[in-house]
$ cat upload10.txt   # compact mmCIF, C-alpha atoms (C1' of nucleotides) and all ligand atoms
# COMPACT_ATOMS: atom_id res chain seq x y z
CA MET W 1 102.37 146.47 140.24
CA LEU W 2 104.77 144.56 138.11
CA ARG W 3 101.77 142.37 137.64
CA LEU W 4 100.11 141.28 134.46
CA ALA W 5 96.61 142.60 133.93
CA LYS W 6 93.96 140.07 134.77
CA LEU W 7 92.82 140.11 131.16
CA THR W 8 96.32 139.14 130.09
CA ASP W 9 96.20 136.25 132.48
CA TYR W 10 92.88 135.26 130.96
CA GLY W 11 94.58 135.52 127.61
CA THR W 12 97.24 133.00 128.47
CA VAL W 13 94.67 130.61 129.84
CA ILE W 14 92.56 130.90 126.72
CA MET W 15 95.59 130.44 124.51
CA THR W 16 96.65 127.30 126.34
CA THR W 17 93.13 125.98 125.97
CA LEU W 18 93.25 126.71 122.28
CA ALA W 19 96.64 125.11 121.98
CA GLN W 20 95.35 121.90 123.45
CA SER W 21 92.22 121.44 121.37
CA LYS W 22 92.97 121.48 117.70
CA THR W 23 89.50 122.28 116.43
CA ARG W 24 88.03 125.76 116.10
CA ARG W 25 86.25 126.94 119.23
CA SER W 26 83.68 129.64 119.82
CA ALA W 27 84.19 132.33 122.43
CA THR W 28 81.32 130.92 124.47
CA ASP W 29 82.85 127.52 124.32
CA LEU W 30 86.29 128.71 125.34
CA ALA W 31 84.98 130.84 128.18
CA SER W 32 83.07 128.02 129.78
CA SER W 33 85.86 125.60 129.09
CA ALA W 34 88.28 127.81 131.01
CA SER W 35 85.57 129.05 133.41
CA LEU W 36 86.18 132.67 132.58
CA PRO W 37 83.61 135.48 132.44
CA LEU W 38 82.17 135.29 128.97
CA ASP W 39 82.39 138.94 128.05
CA ALA W 40 85.95 139.21 129.28
CA ALA W 41 86.89 136.22 127.18
CA ARG W 42 85.26 137.80 124.16
CA LYS W 43 87.21 140.98 124.64
CA VAL W 44 90.46 139.11 125.02
CA LEU W 45 89.82 137.03 121.94
CA LYS W 46 89.08 140.11 119.90
CA ASP W 47 92.41 141.60 120.92
CA LEU W 48 94.25 138.38 120.21
CA ALA W 49 92.66 138.26 116.78
CA ARG W 50 93.62 141.83 116.02
CA ALA W 51 97.18 141.01 116.95
CA GLY W 52 97.15 138.06 114.58
CA LEU W 53 97.74 135.42 117.20
CA VAL W 54 94.43 133.69 116.59
CA GLN W 55 92.47 133.37 113.42
CA SER W 56 88.80 134.18 113.68
CA GLU W 57 85.93 132.94 111.59
CA ARG W 58 82.65 134.77 111.72
CA GLY W 59 79.11 133.57 111.35
CA ALA W 60 77.48 130.36 112.45
CA HIS W 61 80.00 127.68 113.33
CA GLY W 62 82.59 130.42 113.50
CA GLY W 63 85.13 130.69 116.25
CA TYR W 64 88.81 130.99 116.95
CA ALA W 65 91.89 128.89 116.31
CA LEU W 66 95.59 129.53 116.73
CA ALA W 67 96.99 131.40 113.76
CA ARG W 68 100.23 129.44 113.90
CA PRO W 69 101.70 126.47 115.74
CA ALA W 70 101.94 126.97 119.48
CA THR W 71 105.69 126.66 119.26
CA ASP W 72 105.77 129.84 117.19
CA ILE W 73 103.84 131.94 119.69
CA SER W 74 105.74 133.44 122.58
CA VAL W 75 104.47 134.64 125.90
CA THR W 76 105.85 138.05 124.99
CA GLN W 77 103.57 138.17 122.00
CA ILE W 78 100.53 137.31 124.07
CA ILE W 79 101.37 139.94 126.65
CA GLU W 80 102.08 142.61 124.08
CA ALA W 81 98.89 141.81 122.21
CA LEU W 82 96.84 142.47 125.31
CA GLU W 83 98.64 145.22 127.13
CA GLY W 84 101.09 146.79 124.75
CA PRO W 85 104.85 146.71 124.71
CA ILE W 86 106.67 145.44 127.76
CA ALA W 87 108.21 148.43 129.46
CA LEU W 88 109.14 148.04 133.09
CA THR W 89 109.75 151.75 133.43
CA GLU W 90 108.26 154.56 131.42
CA CYS W 91 111.62 155.32 129.90
CA SER W 92 112.42 151.76 128.92
CA ILE W 93 111.25 152.22 125.36
CA HIS W 94 110.34 155.72 124.34
CA ASP W 95 113.33 157.59 125.58
CA HIS W 96 111.74 160.98 125.54
CA ARG W 97 108.70 160.27 127.62
CA CYS W 98 110.40 160.27 130.98
CA GLU W 99 110.32 163.50 132.92
CA ILE W 100 113.36 162.87 135.05
CA GLU W 101 115.52 161.57 132.26
CA GLN W 102 118.12 164.27 132.74
CA SER W 103 119.06 163.47 136.27
CA CYS W 104 118.42 159.77 136.06
CA GLY W 105 121.47 157.62 136.57
CA ALA W 106 119.46 154.46 136.02
CA ARG W 107 117.98 155.03 132.61
CA SER W 108 120.32 153.10 130.37
CA ASN W 109 120.43 150.28 132.85
CA TRP W 110 116.68 149.93 133.03
CA HIS W 111 116.81 149.68 129.30
CA LEU W 112 119.05 146.65 129.59
CA ILE W 113 117.05 145.08 132.37
CA ASN W 114 113.89 145.53 130.37
CA ARG W 115 115.47 143.78 127.46
CA ALA W 116 116.60 140.92 129.63
CA VAL W 117 113.13 140.35 131.00
CA ARG W 118 111.67 140.56 127.54
CA MET W 119 114.11 138.06 126.15
CA ALA W 120 113.32 135.71 128.96
CA LEU W 121 109.62 135.87 128.21
CA ASP W 122 110.37 135.61 124.53
CA GLN W 123 111.87 132.23 125.05
CA VAL W 124 108.76 130.78 126.58
CA SER W 125 106.46 129.55 123.87
CA LEU W 126 102.79 128.87 124.14
CA ALA W 127 103.61 125.23 123.59
CA ASP W 128 105.75 125.31 126.73
CA LEU W 129 103.04 127.07 128.66
CA ALA W 130 100.43 124.52 127.70
CA VAL W 131 102.30 121.66 129.32
CA PRO W 132 101.83 121.80 133.11
CA GLY W 133 105.20 121.63 134.80
CA SER W 134 106.99 122.11 131.52
CA GLY W 135 110.53 120.89 131.63
CA ARG W 136 111.65 123.50 129.15
CA ILE W 137 110.45 126.33 131.33
CA ALA W 138 112.06 124.79 134.37
CA ALA W 139 115.30 124.54 132.44
CA LEU W 140 114.99 128.13 131.40
CA ALA W 141 114.44 129.20 134.98
CA ARG W 142 117.56 127.30 135.93
CA ARG W 143 119.57 129.28 133.42
CA PHE W 144 118.67 132.43 135.30
CA ALA W 145 120.05 131.24 138.59
CA PRO W 146 123.16 133.06 139.76
CA PRO W 147 126.25 131.74 137.93
CA HIS W 148 128.17 130.61 140.99
CA ALA W 149 128.40 131.46 144.66
CA VAL W 150 127.09 134.94 145.28
CA SER W 151 126.72 136.95 148.45
CA ILE W 152 123.10 136.67 149.40
CA PRO W 153 121.74 139.24 151.85
CA ALA W 154 120.35 137.53 154.92
CA ASP W 155 116.81 138.80 154.66
CA SER W 156 116.51 137.64 151.10
CA ILE W 157 117.10 134.11 152.30
CA GLN W 158 114.21 134.46 154.68
CA ARG W 159 112.15 135.77 151.82
CA MET W 160 113.10 132.88 149.58
CA THR W 161 112.17 130.23 152.10
CA GLN W 162 108.82 131.88 152.65
CA ALA W 163 108.01 131.93 148.97
CA MET C 1 100.79 146.87 133.14
CA LEU C 2 103.84 144.81 133.73
CA ARG C 3 105.21 148.18 134.61
CA LEU C 4 106.83 149.28 137.81
CA ALA C 5 104.91 151.85 139.77
CA LYS C 6 106.21 155.34 139.27
CA LEU C 7 107.12 155.53 142.92
CA THR C 8 109.25 152.44 142.50
CA ASP C 9 111.02 154.12 139.65
CA TYR C 10 111.59 157.11 141.88
CA GLY C 11 112.93 154.71 144.45
CA THR C 12 115.60 153.37 142.16
CA VAL C 13 116.63 156.85 141.17
CA ILE C 14 116.88 157.93 144.79
CA MET C 15 118.83 154.84 145.66
CA THR C 16 121.33 155.39 142.89
CA THR C 17 121.73 158.96 144.05
CA LEU C 18 122.34 157.72 147.55
CA ALA C 19 124.77 155.12 146.30
CA GLN C 20 126.87 157.76 144.60
CA SER C 21 127.14 160.29 147.41
CA LYS C 22 128.59 158.74 150.51
CA THR C 23 127.37 161.30 153.04
CA ARG C 24 123.96 161.35 154.67
CA ARG C 25 121.37 163.28 152.69
CA SER C 26 118.06 164.80 153.69
CA ALA C 27 114.87 164.03 151.79
CA THR C 28 114.71 167.60 150.55
CA ASP C 29 118.25 167.37 149.35
CA LEU C 30 117.70 164.08 147.57
CA ALA C 31 114.49 165.17 145.94
CA SER C 32 116.00 168.28 144.44
CA SER C 33 119.14 166.42 143.54
CA ALA C 34 117.12 163.93 141.52
CA SER C 35 114.49 166.50 140.54
CA LEU C 36 111.66 164.48 141.98
CA PRO C 37 108.49 165.79 143.64
CA LEU C 38 109.45 166.37 147.25
CA ASP C 39 106.50 164.68 148.89
CA ALA C 40 106.80 161.64 146.70
CA ALA C 41 110.46 161.34 147.55
CA ARG C 42 109.61 161.57 151.24
CA LYS C 43 107.09 158.79 150.94
CA VAL C 44 109.49 156.59 149.05
CA LEU C 45 112.25 157.16 151.54
CA LYS C 46 109.98 156.28 154.42
CA ASP C 47 109.14 152.99 152.75
CA LEU C 48 112.77 152.26 151.98
CA ALA C 49 113.64 152.95 155.59
CA ARG C 50 110.90 150.65 156.86
CA ALA C 51 112.26 147.93 154.63
CA GLY C 52 115.72 148.42 156.08
CA LEU C 53 117.37 149.41 152.82
CA VAL C 54 118.29 152.87 154.05
CA GLN C 55 119.15 154.00 157.51
CA SER C 56 117.39 157.11 158.72
CA GLU C 57 118.49 159.63 161.28
CA ARG C 58 115.95 161.99 162.74
CA GLY C 59 116.26 165.54 163.96
CA ALA C 60 118.29 168.40 162.65
CA HIS C 61 121.10 167.24 160.40
CA GLY C 62 119.22 163.99 160.01
CA GLY C 63 118.71 162.27 156.72
CA TYR C 64 119.16 159.00 154.93
CA ALA C 65 122.05 156.79 153.98
CA LEU C 66 122.29 153.30 152.53
CA ALA C 67 121.96 150.69 155.22
CA ARG C 68 124.54 148.45 153.54
CA PRO C 69 126.98 148.58 150.65
CA ALA C 70 125.32 149.07 147.29
CA THR C 71 126.66 145.72 146.17
CA ASP C 72 124.49 144.06 148.80
CA ILE C 73 121.25 145.67 147.69
CA SER C 74 119.41 144.12 144.80
CA VAL C 75 116.87 145.63 142.49
CA THR C 76 114.46 142.99 143.70
CA GLN C 77 114.76 144.30 147.21
CA ILE C 78 114.04 147.84 146.13
CA ILE C 79 111.02 146.77 144.15
CA GLU C 80 109.65 144.60 146.91
CA ALA C 81 110.19 147.32 149.48
CA LEU C 82 108.02 149.68 147.51
CA GLU C 83 105.37 147.52 145.94
CA GLY C 84 105.39 144.18 147.68
CA PRO C 85 106.45 140.79 146.42
CA ILE C 86 107.01 140.32 142.72
CA ALA C 87 104.09 138.32 141.39
CA LEU C 88 103.44 138.47 137.68
CA THR C 89 100.12 136.70 138.06
CA GLU C 90 97.86 136.60 141.06
CA CYS C 91 98.54 132.94 141.52
CA SER C 92 102.31 133.19 141.28
CA ILE C 93 102.76 133.24 145.00
CA HIS C 94 99.68 132.56 147.09
CA ASP C 95 98.36 129.51 145.37
CA HIS C 96 94.90 129.74 146.76
CA ARG C 97 94.05 133.26 145.72
CA CYS C 98 93.35 132.55 142.08
CA GLU C 99 89.76 131.96 141.11
CA ILE C 100 90.41 129.97 137.99
CA GLU C 101 93.09 127.78 139.46
CA GLN C 102 91.14 124.61 138.76
CA SER C 103 90.93 124.93 135.05
CA CYS C 104 94.21 126.73 134.58
CA GLY C 105 96.79 124.87 132.58
CA ALA C 106 99.30 127.64 133.02
CA ARG C 107 99.54 127.96 136.77
CA SER C 108 102.65 125.97 137.58
CA ASN C 109 104.42 127.44 134.60
CA TRP C 110 103.70 131.00 135.62
CA HIS C 111 105.22 130.06 138.92
CA LEU C 112 108.44 129.15 137.16
CA ILE C 113 108.42 132.19 134.92
CA ASN C 114 107.86 134.40 137.91
CA ARG C 115 110.85 132.87 139.61
CA ALA C 116 113.00 133.37 136.56
CA VAL C 117 112.17 137.04 136.33
CA ARG C 118 112.77 137.46 140.02
CA MET C 119 116.12 135.76 139.86
CA ALA C 120 117.11 137.98 136.99
CA LEU C 121 116.28 141.10 138.96
CA ASP C 122 117.94 139.60 141.99
CA GLN C 123 121.23 139.55 140.20
CA VAL C 124 121.23 143.25 139.49
CA SER C 125 122.68 145.12 142.42
CA LEU C 126 122.24 148.75 143.22
CA ALA C 127 125.94 149.13 142.56
CA ASP C 128 125.36 147.92 139.02
CA LEU C 129 122.42 150.22 138.58
CA ALA C 130 124.38 153.25 139.71
CA VAL C 131 126.91 152.92 136.92
CA PRO C 132 125.38 154.19 133.66
CA GLY C 133 125.84 151.62 130.95
CA SER C 134 126.96 149.04 133.46
CA GLY C 135 128.95 146.27 131.87
CA ARG C 136 127.71 143.78 134.41
CA ILE C 137 124.09 144.39 133.52
CA ALA C 138 124.87 144.19 129.83
CA ALA C 139 126.58 140.87 130.45
CA LEU C 140 123.57 139.67 132.38
CA ALA C 141 121.27 140.65 129.55
CA ARG C 142 123.47 138.71 127.18
CA ARG C 143 123.04 135.59 129.28
CA PHE C 144 119.31 135.77 128.61
CA ALA C 145 119.66 135.74 124.89
CA PRO C 146 118.38 132.60 123.20
CA PRO C 147 120.96 129.81 123.45
CA HIS C 148 121.42 129.25 119.73
CA ALA C 149 119.49 129.74 116.52
CA VAL C 150 115.78 129.91 117.19
CA SER C 151 112.82 130.30 114.88
CA ILE C 152 111.77 133.91 115.12
CA PRO C 153 108.27 134.80 113.93
CA ALA C 154 108.43 137.42 111.20
CA ASP C 155 106.40 140.08 112.96
CA SER C 156 108.59 139.93 116.02
CA ILE C 157 111.51 140.95 113.87
CA GLN C 158 109.61 143.99 112.76
CA ARG C 159 108.85 144.72 116.37
CA MET C 160 112.47 144.38 117.35
CA THR C 161 113.73 146.73 114.74
CA GLN C 162 111.15 149.30 115.73
CA ALA C 163 112.10 149.12 119.40
C1' DT Y 1 65.17 134.06 102.19
C1' DA Y 2 64.78 134.27 107.05
C1' DT Y 3 66.83 133.06 111.20
C1' DA Y 4 70.18 131.78 114.37
C1' DA Y 5 74.95 131.72 115.56
C1' DT Y 6 78.88 134.12 115.92
C1' DT Y 7 82.61 137.69 115.67
C1' DA Y 8 83.86 143.06 115.25
C1' DG Y 9 83.93 147.24 117.30
C1' DG Y 10 83.30 150.22 120.60
C1' DA Y 11 80.79 152.75 124.46
C1' DC Y 12 79.99 152.82 129.19
C1' DC Y 13 80.36 152.48 134.21
C1' DG Y 14 81.82 150.88 138.71
C1' DA Y 15 85.76 149.37 141.44
C1' DT Y 16 90.34 149.46 142.39
C1' DT Y 17 94.64 151.47 142.76
C1' DA Y 18 98.21 154.77 142.10
C1' DA Y 19 99.99 159.44 142.76
C1' DG Y 20 100.15 163.40 144.85
C1' DT Y 21 99.18 166.41 148.90
C1' DC Y 22 98.69 167.61 153.58
C1' DC Y 23 98.59 167.29 158.66
C1' DT Y 24 100.31 166.04 163.14
C1' DC Y 25 103.69 163.97 166.10
C1' DT Y 26 108.41 162.83 167.49
C1' DT Y 27 113.38 163.33 167.53
C1' DT Y 28 117.70 165.83 167.43
C1' DC Y 29 120.83 169.61 167.17
C1' DA Y 30 122.23 174.43 167.94
C1' DT Z 1 113.44 176.68 173.11
C1' DG Z 2 113.14 176.72 168.28
C1' DA Z 3 114.35 175.02 163.86
C1' DA Z 4 115.32 171.01 161.05
C1' DA Z 5 114.29 166.73 159.93
C1' DG Z 6 111.91 162.05 159.82
C1' DA Z 7 107.49 158.91 161.13
C1' DG Z 8 103.05 157.88 160.33
C1' DG Z 9 99.09 158.19 158.28
C1' DA Z 10 94.74 160.41 156.22
C1' DC Z 11 92.85 162.36 152.33
C1' DT Z 12 91.86 163.67 147.30
C1' DT Z 13 92.37 163.19 142.68
C1' DA Z 14 93.47 160.87 138.53
C1' DA Z 15 94.20 156.84 135.97
C1' DT Z 16 93.29 152.36 134.76
C1' DC Z 17 91.19 148.01 134.90
C1' DG Z 18 87.50 144.76 134.77
C1' DG Z 19 83.17 143.88 133.60
C1' DT Z 20 78.92 144.75 130.96
C1' DC Z 21 76.16 145.98 127.15
C1' DC Z 22 74.76 147.48 122.53
C1' DT Z 23 74.83 147.51 117.52
C1' DA Z 24 76.62 146.03 113.07
C1' DA Z 25 78.60 142.55 109.98
C1' DT Z 26 79.15 137.84 108.55
C1' DT Z 27 78.11 132.99 107.77
C1' DA Z 28 75.64 128.51 107.83
C1' DT Z 29 71.41 126.30 107.54
C1' DA Z 30 66.42 125.34 107.88
S1 LIG H 201 113.36 156.52 135.17
FE1 LIG H 201 113.04 157.43 133.22
S2 LIG H 201 114.99 158.16 132.68
FE2 LIG H 201 115.29 157.21 134.58
S1 LIG H 202 96.15 132.23 136.41
FE1 LIG H 202 95.85 131.71 138.48
S2 LIG H 202 95.87 129.58 138.48
FE2 LIG H 202 96.19 130.12 136.40
$ encode --input "upload10.txt" --output "C-alpha cells" --more "lines below"
Ligand code: FES
Ligand code: FES
Amino acid sequence: MLRLAKLTDYGTVIMTTLAQSKTRRSATDLASSASLPLDAARKVLKDLARAGLVQSERGAHGGYALARPATDISVTQIIEALEGPIALTECSIHDHRCEIEQSCGARSNWHLINRAVRMALDQVSLADLAVPGSGRIAALARRFAPPHAVSIPADSIQRMTQA
Amino acid sequence: MLRLAKLTDYGTVIMTTLAQSKTRRSATDLASSASLPLDAARKVLKDLARAGLVQSERGAHGGYALARPATDISVTQIIEALEGPIALTECSIHDHRCEIEQSCGARSNWHLINRAVRMALDQVSLADLAVPGSGRIAALARRFAPPHAVSIPADSIQRMTQA
DNA sequence: TATAATTAGGACCGATTAAGTCCTCTTTCA
DNA sequence: TGAAAGAGGACTTAATCGGTCCTAATTATA
C-alpha cells in the first residue's frame, strides 16, 4: 500500500489530457485519447464532476471540461475527489477511529507527517502535472531534500542507487 | 488508498515502544504493551527482523531490540520493510510496468512527486516518532508549507477548516 | 417529434490483497 | 529434558478495487 488507486491514476491522466485540450471532450473521446478502459474513465469522470473539478454537459455534443484553470487545481484535490481524504494512518484525521489510540506514542506525529505529505501534494497543480518533466515539480522535490549533511544509513544508499 | 497498511501502522507503534524501552522485549511483551493483536505483532516483528531493523534473539529469554540507534532508523525504512518500496503510482519505480505509459503525460512528474514524498518520510527518524509532539517533525512539516502567498481555491479552505 | 449522443447514478461481480489465525520447526536457557 | 521464544510459512476470511453493465435523464439535430 501507500499507493494511489488505479482509478486515481487514471484520474490524473484524464485531467492532464483535459488540461491540454481546451475544448470540451466526451468520455469516449477522453478514454481513447488516453487509452484507458472506457467504463473506468466514465466512472472517474463522474466522480470528478461530483467533486466540482470538471464541468459536465449532458446530451448530444456534451462532455467534460475543467471547471477552473489548471493552475487552480491541485493534485490533492484530484486524489481526494477519487479516494477521499488523504490519511496515511487511520488516526490521521478522525482521532477517535483508531483502536490503539491510547497506547500509541506515534499518533500526534503521524498527524504532522500526514499534513506534510498533504501540503506537498497541495503544491503540485494540475498545470504542473501536465508539463512532462515540469521544472516546478522538480524544484519542489529539491526543497524536500535534507537541509544539509545528514547521517544516511548504509543500506538506504544502496536502495537509493537501485531506484 | 494512499493509506499505510494496518500492519505498517502496528510496526511504527511497536518500533516506538522498542525505542523507548532499552531492554530486549519478547513479542508477547511488546504486543500487550502496545495493546496489539499478538499474532499480528509477531508477524510484524518477523518482517522487521528480516529487514534488519530489529535484532532478534531466539530461545528462552529471547526477544527483540532495535538493531541500531533510533536516530538511524527512518520512517521510510519501517514502511519499506513492511510493505515494500514506496511507489505512489505503479509506474513510479519500475518504468516498464505501467500499461498506459505511452499516452501518459504525468509519468515523469509522478516520479518526482514520489521522490519528494519519500524524501520527506526519509527525514523522519524513529527517534522523532517516539517523542509525542516532536518539535523536529513539526519543523519539518513547516518546511513543506507553501513558500509565500498562494492562490487557494475556496473549497479547499472549507476542507482545511473541517480537518 | 423522434432519434441519437451523452452524462448521472448506481448495482453487480470477479480478482486482488490485506488481516488475522494457526501449525510446525528451530534455538536457547534453566 | 522441557519450557520459552523466534522463524517460516500456509491458510481463511474480510475488505476493497477494478471492471462491467443497466436504466434514467438531458440535449442537439434530422
Ligand atoms: S496509529 Fe492510530 S493512534 Fe496511533
Ligand atoms: S500512470 Fe503509469 S505511466 Fe502514467
$ closest_residue --input "upload10.txt" --among "C:Ala141, C:Leu121, C:Ala106, C:Leu66" --to "ligand LIG 202 (chain H)" --atoms "only C-alpha atoms and all ligand atoms"
C:Ala106
$ atom_distance --input "upload10.txt" --atom1 "CA of Ala130 (chain W)" --atom2 "CA of Arg25 (chain W)"
16.7 Å
$ interface_residues --input "upload10.txt" --of "chain C" --to "chain Z" --cutoff "9 Å" --atoms "all atoms listed in the file" --output "PyMOL selection string"
chain C and resi 26-27+42+46+56-63
$ atom_distance --input "upload10.txt" --atom1 "CA of Leu140 (chain C)" --atom2 "CA of Val54 (chain C)"
25.9 Å
$ closest_residue --input "upload10.txt" --among "W:Leu45, W:Ile14, W:Ala40, W:Val131" --to "chain Y" --atoms "all atoms listed in the file"
W:Leu45
$ axis_aligned_box --input "upload10.txt" --around "region 12-25 of chain Y" --padding-each-side "3 Å" --output "lines of an AutoDock Vina configuration file"
center_x = 91.8
center_y = 158.5
center_z = 147.6
size_x = 29.7
size_y = 24.2
size_z = 42.9
$ closest_residue --input "upload10.txt" --among "W:Pro132, W:Gly52, W:Gly84, W:Pro146" --to "ligand LIG 202 (chain H)" --atoms "all atoms listed in the file"
W:Pro132
$ atom_distance --input "upload10.txt" --atom1 "CA of Ala81 (chain C)" --atom2 "CA of Ala138 (chain W)"
27.2 Å
$ build_atoms --input "upload10.txt" --residues "region 22-41 of chain C" --atoms "N, CA, C and O atoms" --output "compact mmCIF listing (two decimals), in the frame of the given file"
# COMPACT_ATOMS: atom_id res chain seq x y z
N LYS C 22 128.39 159.61 149.35
CA LYS C 22 128.59 158.74 150.51
C LYS C 22 128.23 159.40 151.83
O LYS C 22 128.32 158.79 152.89
N THR C 23 127.78 160.66 151.80
CA THR C 23 127.37 161.30 153.04
C THR C 23 125.87 161.17 153.21
O THR C 23 125.16 160.87 152.26
N ARG C 24 125.39 161.40 154.43
CA ARG C 24 123.96 161.35 154.67
C ARG C 24 123.28 162.51 153.96
O ARG C 24 123.82 163.61 153.91
N ARG C 25 122.07 162.24 153.43
CA ARG C 25 121.37 163.28 152.69
C ARG C 25 119.94 163.41 153.21
O ARG C 25 119.29 162.40 153.48
N SER C 26 119.44 164.61 153.28
CA SER C 26 118.06 164.80 153.69
C SER C 26 117.12 164.53 152.52
O SER C 26 117.54 164.55 151.36
N ALA C 27 115.86 164.28 152.85
CA ALA C 27 114.87 164.03 151.79
C ALA C 27 114.80 165.21 150.83
O ALA C 27 114.79 165.04 149.62
N THR C 28 114.76 166.40 151.39
CA THR C 28 114.71 167.60 150.55
C THR C 28 115.88 167.63 149.59
O THR C 28 115.73 167.86 148.38
N ASP C 29 117.03 167.40 150.14
CA ASP C 29 118.25 167.37 149.35
C ASP C 29 118.14 166.36 148.21
O ASP C 29 118.35 166.69 147.03
N LEU C 30 117.77 165.14 148.56
CA LEU C 30 117.70 164.08 147.57
C LEU C 30 116.68 164.39 146.49
O LEU C 30 116.93 164.18 145.30
N ALA C 31 115.54 164.89 146.92
CA ALA C 31 114.49 165.17 145.94
C ALA C 31 114.97 166.19 144.92
O ALA C 31 114.81 166.00 143.72
N SER C 32 115.57 167.27 145.41
CA SER C 32 116.00 168.28 144.44
C SER C 32 117.16 167.75 143.62
O SER C 32 117.26 168.01 142.43
N SER C 33 117.99 166.97 144.24
CA SER C 33 119.14 166.42 143.54
C SER C 33 118.71 165.52 142.39
O SER C 33 119.36 165.46 141.35
N ALA C 34 117.60 164.80 142.57
CA ALA C 34 117.12 163.93 141.52
C ALA C 34 115.94 164.55 140.78
O ALA C 34 115.33 163.89 139.95
N SER C 35 115.64 165.79 141.09
CA SER C 35 114.49 166.50 140.54
C SER C 35 113.23 165.64 140.56
O SER C 35 112.61 165.39 139.53
N LEU C 36 112.89 165.23 141.77
CA LEU C 36 111.66 164.48 141.98
C LEU C 36 110.73 165.33 142.84
O LEU C 36 111.20 166.19 143.59
N PRO C 37 109.42 165.10 142.75
CA PRO C 37 108.49 165.79 143.64
C PRO C 37 108.86 165.50 145.10
O PRO C 37 109.03 164.33 145.48
N LEU C 38 108.95 166.54 145.89
CA LEU C 38 109.45 166.37 147.25
C LEU C 38 108.64 165.36 148.06
O LEU C 38 109.18 164.45 148.67
N ASP C 39 107.31 165.54 148.06
CA ASP C 39 106.50 164.68 148.89
C ASP C 39 106.59 163.22 148.47
O ASP C 39 106.57 162.31 149.29
N ALA C 40 106.66 163.01 147.19
CA ALA C 40 106.80 161.64 146.70
C ALA C 40 108.11 161.05 147.19
O ALA C 40 108.15 159.92 147.67
N ALA C 41 109.16 161.83 147.09
CA ALA C 41 110.46 161.34 147.55
C ALA C 41 110.39 161.00 149.04
O ALA C 41 110.91 159.97 149.46
